[in-house]
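Colleague: Here it is: the structure, laid out below.
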Amino acid sequence: MRQLTGLSAVRMLEGYRTGEFSPVEVTEAVLRRAEEIQPAVNAFVRIDAERALDAARASTRRWRRGEPVGLLDGIPVTVKDLLPEHGVPTLRGSHSVDPAARLADPDAPAVARLREHGAVFTGRTTTPEFGWKAVTDSPLTGITRNPYDPGRTSGGSSGGSAAALAAGAGPLSVGTDGGGSIRIPAAFCGVVGLKPTHGVVPSYPPSAFGTLAQVGPMARDAADAALLLDVLSGADPRDWCAARPAPGGFRGPAAVEGVRGLRVAFSPTLGGQVAVRPGVAAAVRRAVEGLAGLGAYVEEADPDLADPVDAFHTLWFSGTAHLTRALSPAQVARLDPGLREARAAGAALSARDYLAATDVRAELGRRMGLFHRTYDVLVTPTLPVTAFTAGVEVPPGSGSRRWTGWTPFTYPFNMTTQPAATVPVGLDADGLPVGLQIVAARFADETVLRLANALFEAGVAGVPAPALPGAPAHAPERTPDLAAG
């Protein structure tokens, strides 16, 4: 039997064009895989089989007539359960959300773009409550687990999307990233995740975290990520920050230009600020050496950045207070305990505190702007650790209080609004994926994808698929009602 679930979106489209297989066959295989992995991984809030198959049948008819629509006709996609989808509940990992409310709301811009391009929506993926932290567990849906080891976290907050991709439940997903929430789970689960420059992908409703947050593509390789970014990007009148993409899109240049002559700064520890696990450090360094072998000019160099965690906390905790401001005392009592703490901290902050943190952002942006006069890209580990025990916010014994204690490579670039991607570059001694982060100047998203794709083309990036057990090693504390309707 053909292994359709492991195919890339690019390969699926090729198969549709030649008639080798159909959108119905692929969608049926992806839906079976989603149901198969759900008990062990708990990646889905909802698996929408009936609607997906209806859409796949319509796509199959279009392909047979030679009249496909858009760039993703018949490609199965999943969407993080923070982005509204017309007619489907957006539960946001919270008991405070009424499942029957706002079903008539219009599609978020990203969802609308997918629909315009013929994508097949197979499911909604899990998120921590309101996407507030970097691991994916919530009072509503329980714990989302890592396909490489269900005893480990998938990361977050787009953890359901990353776990579904890694486990073969579709080639593409749309996530959100306010402090690393695309890149963190993508690194832990061995897939690709890109936080675009703020404004490249339009967003609505606006995030409570303001310009820290961005919608972006998640995939199993860089070519698929570039394809999905082409679909998602562009202006939308609902988003006052959204900008039109460069002519020609992201796929062509990212695929053909290569990296010869690209000026790459490799910062293994951000100037000694970060303690990186040896297995992570070794895998990232090997990948950087491979990058140099492709003709890039690579130099160890650190950006002049002090850790902005205090300023980030001011912005982030303010956002949590804002997004939960209308909740009743009874609803607040049912929130994730960590979210309640962050909410209280945010409520105690002043406008002056917020503006002071914004000053820190501006200085970070200035310094990175100067840095990119010398270097086209900055390369770092995505995270200093690999996936740790599921169900906790910080690695056991780490001494960290909040998730920012183990994500020092990700949130600075939300503050500067630069494009940043993670690609998988190996497994550690425990068989867990390691991610390498690629950062470029604002609106140099194509450069990030160009370097990522070159690593895949050269065999430097990419990891084996997880040997996910057929029977669950850990049952989720709560499995959502996945039926459509």
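Here's how to read the names in the structure tokens: chain A, B, ... by the order shown, residue numbers from 1 in each chain, ligand numbers from 1 in the order shown.
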Got a sec to tell me which of region 178-272 of chain A DSSP assigns to strand (DSSP E or B), as a list in words?
Modeller: Val192, Gly193, Leu194, Lys195, Gln214, Val215, Gly216, Pro217, Met218, Ala219, Arg263, Val264, Ala265 and Phe266 of chain A
Colleague: Compile the contact shell of region 288-292 of chain A as a short mmCIF file (atom, residue, chain, number, x, y, z; two decimals) with N, CA, C and O atoms, in the first residue's frame: residues with an atom at most 8 Å away, counting only C-alpha atoms, same-chain residues fewer than 4 positions apart removed.
Modeller:
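And here is the file that came out, around04.cif:
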data_model
loop_
_atom_site.label_atom_id
_atom_site.label_comp_id
_atom_site.auth_asym_id
_atom_site.auth_seq_id
_atom_site.Cartn_x
_atom_site.Cartn_y
_atom_site.Cartn_z
N PHE A 266 27.45 32.63 13.07
CA PHE A 266 27.07 31.51 13.92
C PHE A 266 27.32 31.89 15.37
O PHE A 266 28.44 32.17 15.77
N VAL A 284 24.10 21.09 16.08
CA VAL A 284 24.04 22.39 15.41
C VAL A 284 25.38 22.72 14.77
O VAL A 284 25.44 23.20 13.63
N ALA A 296 28.78 29.01 1.77
CA ALA A 296 28.47 30.19 2.57
C ALA A 296 29.72 30.63 3.33
O ALA A 296 30.58 29.83 3.68
N TYR A 297 29.81 31.93 3.58
CA TYR A 297 30.89 32.47 4.40
C TYR A 297 30.40 32.44 5.85
O TYR A 297 29.49 33.18 6.22
N VAL A 298 30.99 31.58 6.67
CA VAL A 298 30.52 31.37 8.04
C VAL A 298 31.58 31.86 9.01
O VAL A 298 32.77 31.52 8.88
N LEU A 455 19.98 23.57 3.16
CA LEU A 455 20.34 22.53 4.13
C LEU A 455 19.61 21.23 3.84
O LEU A 455 20.18 20.13 3.98
N VAL A 460 21.77 18.00 4.93
CA VAL A 460 22.22 18.42 6.26
C VAL A 460 21.04 18.51 7.21
O VAL A 460 21.13 18.16 8.39
#
Colleague: Using 7 Å as the limit and counting only C-alpha atoms, can you tabulate each residue of region 320-401 of chain A that touches region 118-136 of chain A, with its shortest atom-to-atom distance in Å and the two atoms involved, as a tab-separated table?
Modeller:
residue	atom	partner	partner_atom	distance
A:Asp336	CA	A:Glu129	CA	6.9
A:Leu339	CA	A:Trp132	CA	6.9
A:Glu393	CA	A:Val135	CA	6.1
Colleague: Mind dumping the selected residues with N, CA, C and O atoms as a JSON list (two decimals), in the first residue's frame?
Modeller:
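Below you can see out.json, which holds the result:
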[["chain", "number", "residue", "atom", "x", "y", "z"],
["A", 336, "ASP", "N", -5.63, 27.79, 33.53],
["A", 336, "ASP", "CA", -4.33, 27.19, 33.81],
["A", 336, "ASP", "C", -3.68, 27.98, 34.95],
["A", 336, "ASP", "O", -3.60, 29.22, 34.88],
["A", 339, "LEU", "N", -1.19, 30.51, 33.88],
["A", 339, "LEU", "CA", -1.80, 31.65, 33.20],
["A", 339, "LEU", "C", -2.41, 32.62, 34.21],
["A", 339, "LEU", "O", -2.31, 33.84, 34.04],
["A", 393, "GLU", "N", 5.84, 22.99, 32.68],
["A", 393, "GLU", "CA", 6.19, 24.19, 31.90],
["A", 393, "GLU", "C", 7.68, 24.35, 31.70],
["A", 393, "GLU", "O", 8.12, 24.95, 30.71]]
Colleague: With only C-alpha atoms counted and 8 Å as the cut-off, give the residues of region 127-225 of chain A in contact with region 9-18 of chain A, each with its shortest interatomic distance in Å and the pair that gives it, as a tab-separated table.
Modeller:
residue	atom	partner	partner_atom	distance
A:Pro171	CA	A:Ala9	CA	5.8
A:Leu172	CA	A:Ala9	CA	7.3
A:Ala223	CA	A:Val10	CA	7.6
A:Asp224	CA	A:Ala9	CA	6.1
Colleague: Please write the residues from the selection above to a file, keeping all heavy atoms, as a PDB file, in the first residue's frame.
Modeller:
ATOM      1  N   PRO A 171       0.810  17.213   5.657  1.00  0.00           N
ATOM      2  CA  PRO A 171       2.100  17.830   5.351  1.00  0.00           C
ATOM      3  C   PRO A 171       2.234  19.277   5.787  1.00  0.00           C
ATOM      4  O   PRO A 171       3.351  19.787   5.840  1.00  0.00           O
ATOM      5  CB  PRO A 171       2.160  17.741   3.825  1.00  0.00           C
ATOM      6  CG  PRO A 171       0.724  17.886   3.407  1.00  0.00           C
ATOM      7  CD  PRO A 171      -0.084  17.191   4.478  1.00  0.00           C
ATOM      8  N   LEU A 172       1.119  19.964   6.054  1.00  0.00           N
ATOM      9  CA  LEU A 172       1.154  21.400   6.321  1.00  0.00           C
ATOM     10  C   LEU A 172       0.279  21.754   7.508  1.00  0.00           C
ATOM     11  O   LEU A 172      -0.779  21.151   7.721  1.00  0.00           O
ATOM     12  CB  LEU A 172       0.642  22.199   5.114  1.00  0.00           C
ATOM     13  CG  LEU A 172       1.343  22.018   3.768  1.00  0.00           C
ATOM     14  CD1 LEU A 172       0.611  22.800   2.688  1.00  0.00           C
ATOM     15  CD2 LEU A 172       2.798  22.448   3.847  1.00  0.00           C
ATOM     16  N   ALA A 223      10.857  23.437   1.448  1.00  0.00           N
ATOM     17  CA  ALA A 223      10.129  23.726   0.215  1.00  0.00           C
ATOM     18  C   ALA A 223       8.635  23.850   0.486  1.00  0.00           C
ATOM     19  O   ALA A 223       7.960  24.734  -0.050  1.00  0.00           O
ATOM     20  CB  ALA A 223      10.401  22.639  -0.820  1.00  0.00           C
ATOM     21  N   ASP A 224       8.105  22.977   1.326  1.00  0.00           N
ATOM     22  CA  ASP A 224       6.694  23.066   1.675  1.00  0.00           C
ATOM     23  C   ASP A 224       6.399  24.318   2.496  1.00  0.00           C
ATOM     24  O   ASP A 224       5.338  24.943   2.349  1.00  0.00           O
ATOM     25  CB  ASP A 224       6.266  21.828   2.470  1.00  0.00           C
ATOM     26  CG  ASP A 224       5.821  20.678   1.574  1.00  0.00           C
ATOM     27  OD1 ASP A 224       5.990  20.769   0.345  1.00  0.00           O
ATOM     28  OD2 ASP A 224       5.315  19.674   2.115  1.00  0.00           O
TER      29      ASP A 224
END
Colleague: Using only C-alpha atoms for the distances, tell me which of A:Ile143, A:Glu257, A:Phe443, A:Pro396 is nearest to Ala242 (chain A).
Modeller: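 Answer, going by the shortest atom-to-atom distance: A:Phe443.
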